[in-house]
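Containing compact mmCIF, C-alpha atoms: final-v6.txt.
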# COMPACT_ATOMS: atom_id res chain seq x y z
CA MET A 273 75.74 -80.26 -43.75
CA PHE A 274 72.53 -79.11 -42.04
CA ALA A 275 71.96 -75.35 -41.69
CA SER A 276 72.19 -75.63 -37.89
CA GLU A 277 75.56 -77.36 -38.16
CA MET A 278 76.86 -74.67 -40.50
CA TYR A 279 75.60 -71.98 -38.11
CA ALA A 280 77.32 -73.69 -35.16
CA ASP A 281 80.57 -73.77 -37.12
CA GLN A 282 80.20 -70.05 -37.87
CA LEU A 283 79.69 -69.29 -34.18
CA ARG A 284 82.82 -71.22 -33.26
CA GLU A 285 84.85 -69.53 -36.02
CA ALA A 286 83.78 -66.06 -34.87
CA ALA A 287 84.51 -66.83 -31.21
CA ALA A 288 87.89 -68.31 -32.10
CA TRP A 289 88.72 -65.15 -34.09
CA LEU A 290 88.01 -63.00 -31.01
CA LEU A 291 90.18 -65.21 -28.84
CA ARG A 292 93.02 -65.01 -31.37
CA GLN A 293 92.83 -61.23 -30.99
CA ASN A 294 93.37 -61.76 -27.25
CA MET A 295 89.82 -60.64 -26.52
CA LYS A 296 88.94 -62.66 -23.43
CA PRO A 297 85.96 -60.86 -21.87
CA ASP A 298 84.14 -61.24 -18.57
CA VAL A 299 81.19 -58.98 -19.42
CA GLY A 300 79.28 -58.32 -22.63
CA VAL A 301 77.41 -55.07 -23.29
CA VAL A 302 75.12 -54.19 -26.20
CA LEU A 303 74.65 -50.46 -26.74
CA GLY A 304 71.40 -49.38 -28.40
CA THR A 305 70.51 -46.42 -30.59
CA GLY A 306 72.67 -43.37 -29.86
CA LEU A 307 74.06 -44.85 -26.63
CA ASN A 308 77.85 -44.56 -26.66
CA LEU A 309 79.02 -42.78 -23.49
CA LEU A 310 80.00 -45.99 -21.72
CA LEU A 311 83.06 -46.00 -23.97
CA GLU A 312 84.27 -42.87 -22.14
CA HIS A 313 84.33 -44.98 -18.95
CA THR A 314 86.22 -47.81 -20.65
CA ARG A 315 89.96 -48.26 -20.99
CA ILE A 316 89.95 -49.37 -24.61
CA ILE A 317 92.46 -52.06 -25.52
CA LYS A 318 91.30 -53.02 -28.98
CA GLN A 319 88.41 -52.39 -31.34
CA CYS A 320 87.24 -53.68 -34.70
CA ALA A 321 84.37 -53.34 -37.12
CA PHE A 322 81.64 -55.98 -37.10
CA THR A 323 82.63 -56.65 -40.70
CA ASP A 324 86.13 -57.70 -39.56
CA ILE A 325 84.71 -60.64 -37.59
CA PRO A 326 83.91 -63.83 -39.50
CA HIS A 327 80.17 -64.22 -40.19
CA PHE A 328 79.19 -61.22 -38.02
CA PRO A 329 76.15 -59.30 -39.34
CA SER A 330 76.70 -55.64 -40.18
CA THR A 331 74.34 -52.93 -38.97
CA THR A 332 72.47 -50.65 -41.37
CA VAL A 333 70.75 -48.34 -38.86
CA GLU A 334 71.70 -44.74 -38.08
CA LYS A 335 73.72 -44.32 -34.85
CA HIS A 336 74.53 -48.02 -34.69
CA GLU A 337 78.24 -47.78 -35.35
CA GLY A 338 78.82 -51.47 -35.98
CA ARG A 339 81.98 -51.67 -33.90
CA LEU A 340 83.14 -54.12 -31.26
CA VAL A 341 85.21 -52.60 -28.46
CA TYR A 342 87.33 -54.62 -26.03
CA GLY A 343 88.70 -53.04 -22.86
CA THR A 344 88.40 -52.83 -19.10
CA ILE A 345 85.99 -51.20 -16.67
CA GLY A 346 87.44 -51.47 -13.19
CA ASN A 347 88.98 -54.93 -13.05
CA LYS A 348 86.49 -56.45 -15.49
CA LYS A 349 87.29 -57.17 -19.12
CA VAL A 350 84.40 -55.97 -21.24
CA LEU A 351 83.30 -56.59 -24.80
CA ILE A 352 81.04 -53.76 -25.93
CA MET A 353 78.91 -53.87 -29.05
CA GLN A 354 78.56 -50.32 -30.31
CA GLY A 355 75.26 -50.95 -32.07
CA ARG A 356 73.29 -54.09 -32.93
CA VAL A 357 71.31 -55.55 -35.80
CA HIS A 358 67.53 -55.82 -35.82
CA TYR A 359 65.02 -58.23 -37.30
CA TYR A 360 63.54 -55.41 -39.41
CA GLU A 361 66.88 -55.03 -41.21
CA ASP A 362 65.94 -58.27 -42.99
CA TYR A 363 68.20 -60.44 -40.88
CA THR A 364 67.02 -63.77 -39.54
CA MET A 365 66.57 -64.08 -35.79
CA GLN A 366 69.57 -66.40 -35.74
CA GLN A 367 71.67 -63.60 -37.26
CA VAL A 368 70.23 -61.06 -34.80
CA VAL A 369 71.45 -63.09 -31.82
CA PHE A 370 74.68 -64.29 -33.45
CA PRO A 371 76.84 -61.67 -31.65
CA VAL A 372 75.46 -62.53 -28.20
CA ARG A 373 76.08 -66.22 -28.78
CA VAL A 374 79.61 -65.50 -29.96
CA MET A 375 80.33 -63.38 -26.86
CA LYS A 376 79.13 -66.24 -24.66
CA LEU A 377 81.39 -68.70 -26.48
CA ALA A 378 84.25 -66.21 -26.07
CA GLY A 379 83.77 -66.33 -22.31
CA ILE A 380 81.40 -63.64 -21.02
CA LYS A 381 79.72 -64.46 -17.71
CA TRP A 382 77.25 -61.54 -17.62
CA LEU A 383 75.37 -59.60 -20.30
CA PHE A 384 74.00 -56.05 -20.15
CA LEU A 385 71.60 -55.00 -22.90
CA THR A 386 70.44 -51.45 -23.61
CA ASN A 387 67.93 -49.92 -25.98
CA ALA A 388 66.02 -46.79 -26.85
CA CYS A 389 62.28 -47.27 -26.41
CA GLY A 390 58.89 -45.63 -26.14
CA ALA A 391 56.98 -45.34 -22.87
CA ILE A 392 53.46 -46.78 -22.78
CA ASP A 393 53.39 -45.90 -19.07
CA LEU A 394 53.19 -42.11 -19.23
CA ASN A 395 54.66 -41.81 -15.72
CA ILE A 396 58.02 -42.80 -17.23
CA GLN A 397 59.48 -39.59 -18.60
CA THR A 398 61.44 -39.02 -21.79
CA GLY A 399 65.21 -39.01 -21.22
CA THR A 400 65.02 -41.26 -18.14
CA LEU A 401 65.98 -44.90 -17.57
CA ALA A 402 63.77 -47.93 -17.09
CA LEU A 403 64.89 -51.37 -15.94
CA VAL A 404 63.25 -54.17 -17.93
CA LYS A 405 61.75 -56.59 -15.41
CA ASP A 406 59.93 -58.79 -17.95
CA HIS A 407 58.87 -58.77 -21.59
CA ILE A 408 56.07 -59.56 -24.00
CA ASN A 409 57.38 -60.97 -27.26
CA LEU A 410 55.24 -59.78 -30.18
CA GLN A 411 57.90 -60.33 -32.81
CA SER A 412 57.03 -62.66 -35.66
CA SER A 413 59.93 -65.09 -35.27
CA ASN A 414 62.11 -66.56 -32.54
CA PRO A 415 65.87 -67.17 -32.36
CA LEU A 416 65.28 -70.70 -31.07
CA LYS A 417 63.22 -71.67 -34.13
CA GLY A 418 64.55 -74.68 -36.01
CA LYS A 419 66.64 -77.63 -34.89
CA ASN A 420 67.85 -77.06 -31.34
CA MET A 421 71.57 -76.51 -30.85
CA ASP A 422 72.11 -78.78 -27.87
CA GLU A 423 75.62 -77.41 -27.29
CA LEU A 424 74.06 -74.01 -26.55
CA GLY A 425 71.06 -75.02 -24.46
CA ILE A 426 67.98 -77.17 -24.01
CA ARG A 427 65.11 -77.42 -26.49
CA PHE A 428 62.49 -75.80 -24.24
CA PRO A 429 64.13 -73.21 -21.98
CA ASP A 430 62.03 -71.82 -19.13
CA MET A 431 61.67 -68.03 -19.43
CA ASN A 432 60.98 -67.45 -15.73
CA HIS A 433 63.58 -64.97 -14.47
CA ALA A 434 64.71 -64.25 -18.03
CA TYR A 435 66.18 -61.07 -16.55
CA SER A 436 68.61 -61.97 -13.78
CA PRO A 437 67.18 -60.99 -10.36
CA GLN A 438 70.74 -60.55 -9.08
CA LEU A 439 71.78 -58.19 -11.90
CA ASN A 440 68.51 -56.27 -11.61
CA GLN A 441 69.04 -55.82 -7.88
CA LEU A 442 72.61 -54.64 -8.52
CA LEU A 443 71.38 -52.06 -11.04
CA ARG A 444 68.71 -50.79 -8.63
CA GLN A 445 71.27 -50.56 -5.83
CA LYS A 446 73.75 -48.62 -7.97
CA ALA A 447 71.02 -46.32 -9.27
CA ASP A 448 70.11 -45.47 -5.66
CA GLU A 449 73.75 -44.82 -4.78
CA LEU A 450 74.18 -42.55 -7.80
CA GLY A 451 70.88 -40.72 -7.27
CA ILE A 452 69.55 -41.93 -10.64
CA THR A 453 65.83 -42.49 -11.07
CA LEU A 454 65.40 -46.01 -12.43
CA SER A 455 61.83 -46.90 -13.29
CA GLN A 456 60.98 -50.47 -14.16
CA GLY A 457 58.47 -52.14 -16.41
CA VAL A 458 57.47 -54.74 -18.94
CA TYR A 459 58.98 -54.30 -22.40
CA ALA A 460 56.95 -55.25 -25.47
CA ALA A 461 59.05 -56.19 -28.49
CA VAL A 462 57.55 -55.53 -31.94
CA ASP A 463 58.99 -56.08 -35.39
CA GLY A 464 59.16 -52.43 -36.55
CA PRO A 465 60.59 -50.43 -38.15
CA ASN A 466 57.50 -48.20 -38.09
CA LEU A 467 56.30 -46.75 -34.82
CA GLU A 468 52.90 -47.81 -33.57
CA THR A 469 49.41 -46.44 -34.19
CA PRO A 470 47.28 -44.99 -31.36
CA ALA A 471 45.18 -48.19 -31.39
CA GLU A 472 48.31 -50.31 -31.07
CA TYR A 473 49.52 -48.26 -28.09
CA ARG A 474 46.14 -48.79 -26.40
CA TYR A 475 46.43 -52.53 -27.08
CA LEU A 476 49.96 -52.67 -25.64
CA LYS A 477 48.78 -50.96 -22.46
CA ILE A 478 45.85 -53.38 -22.12
CA ILE A 479 48.10 -56.44 -22.36
CA GLY A 480 50.44 -55.12 -19.68
CA ALA A 481 53.31 -53.38 -21.48
CA ASN A 482 55.00 -50.32 -19.97
CA LEU A 483 57.63 -49.92 -22.69
CA VAL A 484 57.82 -50.74 -26.39
CA GLY A 485 60.75 -51.27 -28.73
CA MET A 486 62.13 -53.31 -31.61
CA SER A 487 65.12 -55.12 -30.08
CA THR A 488 66.54 -56.77 -26.95
CA VAL A 489 64.04 -59.63 -26.53
CA PRO A 490 65.68 -61.96 -29.10
CA GLU A 491 69.01 -61.45 -27.32
CA VAL A 492 67.42 -62.16 -23.95
CA ILE A 493 65.88 -65.38 -25.28
CA ALA A 494 69.26 -66.46 -26.65
CA ALA A 495 70.98 -65.57 -23.36
CA LYS A 496 68.45 -67.52 -21.30
CA HIS A 497 68.83 -70.47 -23.65
CA MET A 498 72.59 -70.45 -22.99
CA GLY A 499 72.30 -69.95 -19.23
CA LEU A 500 73.84 -66.48 -19.50
CA PRO A 501 72.65 -64.03 -16.78
CA CYS A 502 71.46 -60.81 -18.40
CA ALA A 503 69.80 -57.50 -17.58
CA ALA A 504 68.36 -54.79 -19.81
CA VAL A 505 68.03 -51.04 -19.31
CA SER A 506 65.93 -48.88 -21.61
CA VAL A 507 66.42 -45.20 -22.33
CA VAL A 508 62.98 -43.67 -22.90
CA THR A 509 63.02 -41.54 -26.04
CA ASP A 510 59.30 -40.78 -26.51
CA GLN A 511 55.98 -41.10 -24.76
CA CYS A 512 53.29 -43.14 -26.45
CA ASP A 513 50.10 -41.32 -25.47
CA PRO A 514 47.38 -42.49 -27.87
CA ASP A 515 45.10 -39.60 -26.90
CA ASN A 516 47.75 -36.95 -27.51
CA LEU A 517 50.12 -38.59 -29.96
CA LYS A 518 52.75 -36.43 -31.60
CA ASP A 519 54.86 -37.24 -34.63
CA VAL A 520 58.38 -38.25 -33.59
CA THR A 521 61.50 -37.67 -35.68
CA ILE A 522 64.77 -39.59 -35.50
CA ASP A 523 66.50 -36.37 -34.39
CA GLU A 524 64.17 -36.10 -31.38
CA ILE A 525 64.76 -39.75 -30.53
CA LEU A 526 68.53 -39.30 -30.70
CA ALA A 527 68.38 -36.15 -28.55
CA ALA A 528 66.40 -37.99 -25.86
CA ALA A 529 68.79 -40.95 -26.10
CA ALA A 530 71.77 -38.63 -25.58
CA LYS A 531 70.13 -37.19 -22.47
CA GLY A 532 69.45 -40.63 -21.03
CA ASP A 533 72.92 -41.84 -21.95
CA GLN A 534 74.39 -39.39 -19.43
CA LEU A 535 72.64 -41.46 -16.75
CA LEU A 536 73.06 -44.87 -18.35
CA ALA A 537 76.84 -44.78 -18.75
CA PRO A 538 77.72 -44.18 -15.06
CA LEU A 539 75.07 -46.70 -13.99
CA LEU A 540 76.53 -49.45 -16.18
CA ARG A 541 80.07 -48.56 -15.18
CA SER A 542 79.21 -48.76 -11.49
CA ALA A 543 77.35 -52.07 -11.90
CA ILE A 544 80.14 -53.67 -13.92
CA GLU A 545 82.79 -52.57 -11.43
CA ALA A 546 80.78 -54.19 -8.62
CA LEU A 547 80.38 -57.62 -10.29
Take the structure from the file and write it as structure tokens.
Amino acid sequence: MFASEMYADQLREAAAWLLRQNMKPDVGVVLGTGLNLLLEHTRIIKQCAFTDIPHFPSTTVEKHEGRLVYGTIGNKKVLIMQGRVHYYEDYTMQQVVFPVRVMKLAGIKWLFLTNACGAIDLNIQTGTLALVKDHINLQSSNPLKGKNMDELGIRFPDMNHAYSPQLNQLLRQKADELGITLSQGVYAAVDGPNLETPAEYRYLKIIGANLVGMSTVPEVIAAKHMGLPCAAVSVVTDQCDPDNLKDVTIDEILAAAAKGDQLLAPLLRSAIEAL
């Protein structure tokens, strides 16, 4: 059996396991570092550890709980990943996007991604939200590498409108209604796990990045490949000023994420209810 065939079987087994648990979602959500308040807006029906699901990767990063939560927000059935895995955890890109592909096979029609990131654009303040309107992929591998899985999507997917214009408009509309400042920008994805040097921040600004992080883009590529509309919202946890760069600790990042999460959770809830 080819590796791609084995991987396809694993996807189907994981999706079938979710369906046997009566998890039949409309919406998928991936919660990034320290972002958990959406669960307080969710009527939880069932939850399980990533490790309970066949072939699911398990997270190793602080404040990524590694739990899958199934419930309702308004009249929508949601499947919420409390945490994700990253390429820098020594997973392959196919493993990184495995959960998103499984959620699609389990029935989700929309995908919301979140992350904690740094701001290259210094007008975007720490603790605020930024809508990802486009990305620059600087990661050293790609989830579509290898033999194409025709049952998921075409060999050469077009990445125009990788972020759904309709979902982005909905998020902007709900942010306005809630009085939430929602910046927007281009997200640069890097391998990590180290933060960047001053020279690298200058480079990222030159090539057009407003935000920088270590996740999200592989999942967006996989979603676009599968024809799954997605949107991504970043919580800004630090400002990347190469001329006045300060050391950043994980505690400071988590504190900024918690502040932004107070805005992110009601925004996502309102958007999901309106789908």
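Summary of the local environment: counting all atoms listed in the file, residues at most 6 Å from segment 313-327 of chain A, other than itself and those fewer than 2 positions away along its chain, are A:Ala286, A:Leu310, A:Leu311, A:Ser330, A:Gly338, A:Arg339, A:Leu340, A:Val341, A:Tyr342, A:Gly343, A:Thr344, A:Ile345.
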Next on the checklist: Report, in Å with one decimal, the straight-line distance from atom CA of Thr386 of chain A to atom CA of Ser412 of chain A.
Outcome noted: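 Straight-line distance from atom CA of Thr386 of chain A to atom CA of Ser412 of chain A works out to 21.2 Å.
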Next on the checklist: Counting only C-alpha atoms, which residues have an atom no more than 12 Å from (70.2, -76.6, -35.5) in the file's coordinates? Please list them as a PyMOL selection string.
Outcome noted: chain A and resi 273-281+366+415-427
Give me, as an mmCIF file with C-alpha atoms, in the coordinates of the input, all polymer residues having an atom no more than 12 Å from segment 407-409 of chain A, counting all atoms listed in the file and skipping those fewer than 5 positions away in the same chain.
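Written file, around03.cif:
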data_model
loop_
_atom_site.group_PDB
_atom_site.id
_atom_site.type_symbol
_atom_site.label_atom_id
_atom_site.label_comp_id
_atom_site.auth_asym_id
_atom_site.auth_seq_id
_atom_site.Cartn_x
_atom_site.Cartn_y
_atom_site.Cartn_z
ATOM 1 C CA ASN A 414 62.110 -66.560 -32.540
ATOM 2 C CA PRO A 415 65.870 -67.170 -32.360
ATOM 3 C CA MET A 431 61.670 -68.030 -19.430
ATOM 4 C CA ASN A 432 60.980 -67.450 -15.730
ATOM 5 C CA HIS A 433 63.580 -64.970 -14.470
ATOM 6 C CA ALA A 434 64.710 -64.250 -18.030
ATOM 7 C CA TYR A 435 66.180 -61.070 -16.550
ATOM 8 C CA GLN A 456 60.980 -50.470 -14.160
ATOM 9 C CA GLY A 457 58.470 -52.140 -16.410
ATOM 10 C CA VAL A 458 57.470 -54.740 -18.940
ATOM 11 C CA TYR A 459 58.980 -54.300 -22.400
ATOM 12 C CA ALA A 460 56.950 -55.250 -25.470
ATOM 13 C CA ALA A 461 59.050 -56.190 -28.490
ATOM 14 C CA VAL A 462 57.550 -55.530 -31.940
ATOM 15 C CA ASP A 463 58.990 -56.080 -35.390
ATOM 16 C CA LEU A 476 49.960 -52.670 -25.640
ATOM 17 C CA LYS A 477 48.780 -50.960 -22.460
ATOM 18 C CA ILE A 479 48.100 -56.440 -22.360
ATOM 19 C CA GLY A 480 50.440 -55.120 -19.680
ATOM 20 C CA ALA A 481 53.310 -53.380 -21.480
ATOM 21 C CA ASN A 482 55.000 -50.320 -19.970
ATOM 22 C CA LEU A 483 57.630 -49.920 -22.690
ATOM 23 C CA VAL A 484 57.820 -50.740 -26.390
ATOM 24 C CA GLY A 485 60.750 -51.270 -28.730
ATOM 25 C CA MET A 486 62.130 -53.310 -31.610
ATOM 26 C CA SER A 487 65.120 -55.120 -30.080
ATOM 27 C CA THR A 488 66.540 -56.770 -26.950
ATOM 28 C CA VAL A 489 64.040 -59.630 -26.530
ATOM 29 C CA PRO A 490 65.680 -61.960 -29.100
ATOM 30 C CA GLU A 491 69.010 -61.450 -27.320
ATOM 31 C CA VAL A 492 67.420 -62.160 -23.950
ATOM 32 C CA ILE A 493 65.880 -65.380 -25.280
ATOM 33 C CA ALA A 503 69.800 -57.500 -17.580
ATOM 34 C CA ALA A 504 68.360 -54.790 -19.810
#
Checklist entry - Which is closest to Ala546 of chain A among A:Ala378, A:Leu290, A:Leu442, A:Val357, if we use all atoms listed in the file? => result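 Of the candidates, the smallest distance to Ala546 of chain A is held by A:Leu442.
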Item to check | Among listed residues A:Ile392, A:Ala530, A:Pro501, A:Thr398, nearest Tyr475 of chain A (using only C-alpha atoms) | outcome: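 Closest to Tyr475 of chain A of all the choices is A:Ile392.
Between atom CA of Gly399 of chain A and atom CA of Ala537 of chain A the interatomic distance comes to 13.2 Å.
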Item to check | Best match for closeness to Ala527 of chain A among A:Asp510, A:Asp362, A:Asp515, A:Glu337, counting only C-alpha atoms | outcome: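 Looking only at the distances to Ala527 of chain A, the closest residue turns out to be A:Asp510.
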Checklist entry - Counting only C-alpha atoms, which of A:Phe328, A:Tyr360, A:Phe370, A:Phe384 gets nearest to Gln411 of chain A? => result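 Once distances to Gln411 of chain A are computed over only C-alpha atoms, the minimum belongs to A:Tyr360.
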Checklist outcome for this item: From atom CA of Pro371 of chain A to atom CA of Glu545 of chain A the spacing works out at 23.0 Å
Next on the checklist: For a quick check of understanding, using only C-alpha atoms, which of A:Pro538, A:Gly390, A:Pro465, A:Gly379 has the smallest distance to Leu517 of chain A?
Outcome noted: A:Gly390
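Closest approach to Ala471 of chain A among A:Leu383, A:Pro437, A:Met498, A:Pro514: A:Pro514, based on all atoms listed in the file.
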Neighbouring residues of Gly532 of chain A were defined as those with any atom within 10 Å, considering all atoms listed in the file; residues of the same chain fewer than 6 positions away were excluded. Please report them as a PDB file with C-alpha atoms, keeping the file's coordinate frame.
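The result, stored in around.pdb:
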ATOM      1  CA  GLY A 306      72.670 -43.370 -29.860  1.00  0.00           C
ATOM      2  CA  LEU A 307      74.060 -44.850 -26.630  1.00  0.00           C
ATOM      3  CA  ALA A 388      66.020 -46.790 -26.850  1.00  0.00           C
ATOM      4  CA  THR A 398      61.440 -39.020 -21.790  1.00  0.00           C
ATOM      5  CA  GLY A 399      65.210 -39.010 -21.220  1.00  0.00           C
ATOM      6  CA  THR A 400      65.020 -41.260 -18.140  1.00  0.00           C
ATOM      7  CA  LEU A 401      65.980 -44.900 -17.570  1.00  0.00           C
ATOM      8  CA  SER A 506      65.930 -48.880 -21.610  1.00  0.00           C
ATOM      9  CA  VAL A 507      66.420 -45.200 -22.330  1.00  0.00           C
ATOM     10  CA  VAL A 508      62.980 -43.670 -22.900  1.00  0.00           C
ATOM     11  CA  THR A 509      63.020 -41.540 -26.040  1.00  0.00           C
ATOM     12  CA  LEU A 526      68.530 -39.300 -30.700  1.00  0.00           C
TER      13      LEU A 526
END
Once 4 Å is added on each side, what are the centre and the three edge lengths, in Å to one decimal, of the axis-aligned box enclosing the listed atoms of segment 395-404 of chain A? Present them as JSON.
{"center_x": 60.3, "center_y": -46.6, "center_z": -18.8, "size_x": 19.3, "size_y": 23.2, "size_z": 14.1}
Using all atoms listed in the file, which protein or nucleic acid residues come within 8 Å of segment 292-305 of chain A? Drop anything in the same chain fewer than 5 positions from it, and give the result as a PDB file with C-alpha atoms, keeping the file's coordinate frame.
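result-v8.pdb was written with the following content:
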ATOM      1  CA  GLU A 334      71.700 -44.740 -38.080  1.00  0.00           C
ATOM      2  CA  LYS A 335      73.720 -44.320 -34.850  1.00  0.00           C
ATOM      3  CA  HIS A 336      74.530 -48.020 -34.690  1.00  0.00           C
ATOM      4  CA  TYR A 342      87.330 -54.620 -26.030  1.00  0.00           C
ATOM      5  CA  LYS A 348      86.490 -56.450 -15.490  1.00  0.00           C
ATOM      6  CA  LYS A 349      87.290 -57.170 -19.120  1.00  0.00           C
ATOM      7  CA  VAL A 350      84.400 -55.970 -21.240  1.00  0.00           C
ATOM      8  CA  LEU A 351      83.300 -56.590 -24.800  1.00  0.00           C
ATOM      9  CA  ILE A 352      81.040 -53.760 -25.930  1.00  0.00           C
ATOM     10  CA  MET A 353      78.910 -53.870 -29.050  1.00  0.00           C
ATOM     11  CA  GLN A 354      78.560 -50.320 -30.310  1.00  0.00           C
ATOM     12  CA  GLY A 355      75.260 -50.950 -32.070  1.00  0.00           C
ATOM     13  CA  ARG A 356      73.290 -54.090 -32.930  1.00  0.00           C
ATOM     14  CA  VAL A 372      75.460 -62.530 -28.200  1.00  0.00           C
ATOM     15  CA  MET A 375      80.330 -63.380 -26.860  1.00  0.00           C
ATOM     16  CA  ALA A 378      84.250 -66.210 -26.070  1.00  0.00           C
ATOM     17  CA  GLY A 379      83.770 -66.330 -22.310  1.00  0.00           C
ATOM     18  CA  ILE A 380      81.400 -63.640 -21.020  1.00  0.00           C
ATOM     19  CA  LYS A 381      79.720 -64.460 -17.710  1.00  0.00           C
ATOM     20  CA  TRP A 382      77.250 -61.540 -17.620  1.00  0.00           C
ATOM     21  CA  LEU A 383      75.370 -59.600 -20.300  1.00  0.00           C
ATOM     22  CA  PHE A 384      74.000 -56.050 -20.150  1.00  0.00           C
ATOM     23  CA  LEU A 385      71.600 -55.000 -22.900  1.00  0.00           C
ATOM     24  CA  THR A 386      70.440 -51.450 -23.610  1.00  0.00           C
ATOM     25  CA  ASN A 387      67.930 -49.920 -25.980  1.00  0.00           C
ATOM     26  CA  ALA A 388      66.020 -46.790 -26.850  1.00  0.00           C
ATOM     27  CA  LEU A 526      68.530 -39.300 -30.700  1.00  0.00           C
ATOM     28  CA  ALA A 529      68.790 -40.950 -26.100  1.00  0.00           C
ATOM     29  CA  ILE A 544      80.140 -53.670 -13.920  1.00  0.00           C
TER      30      ILE A 544
END
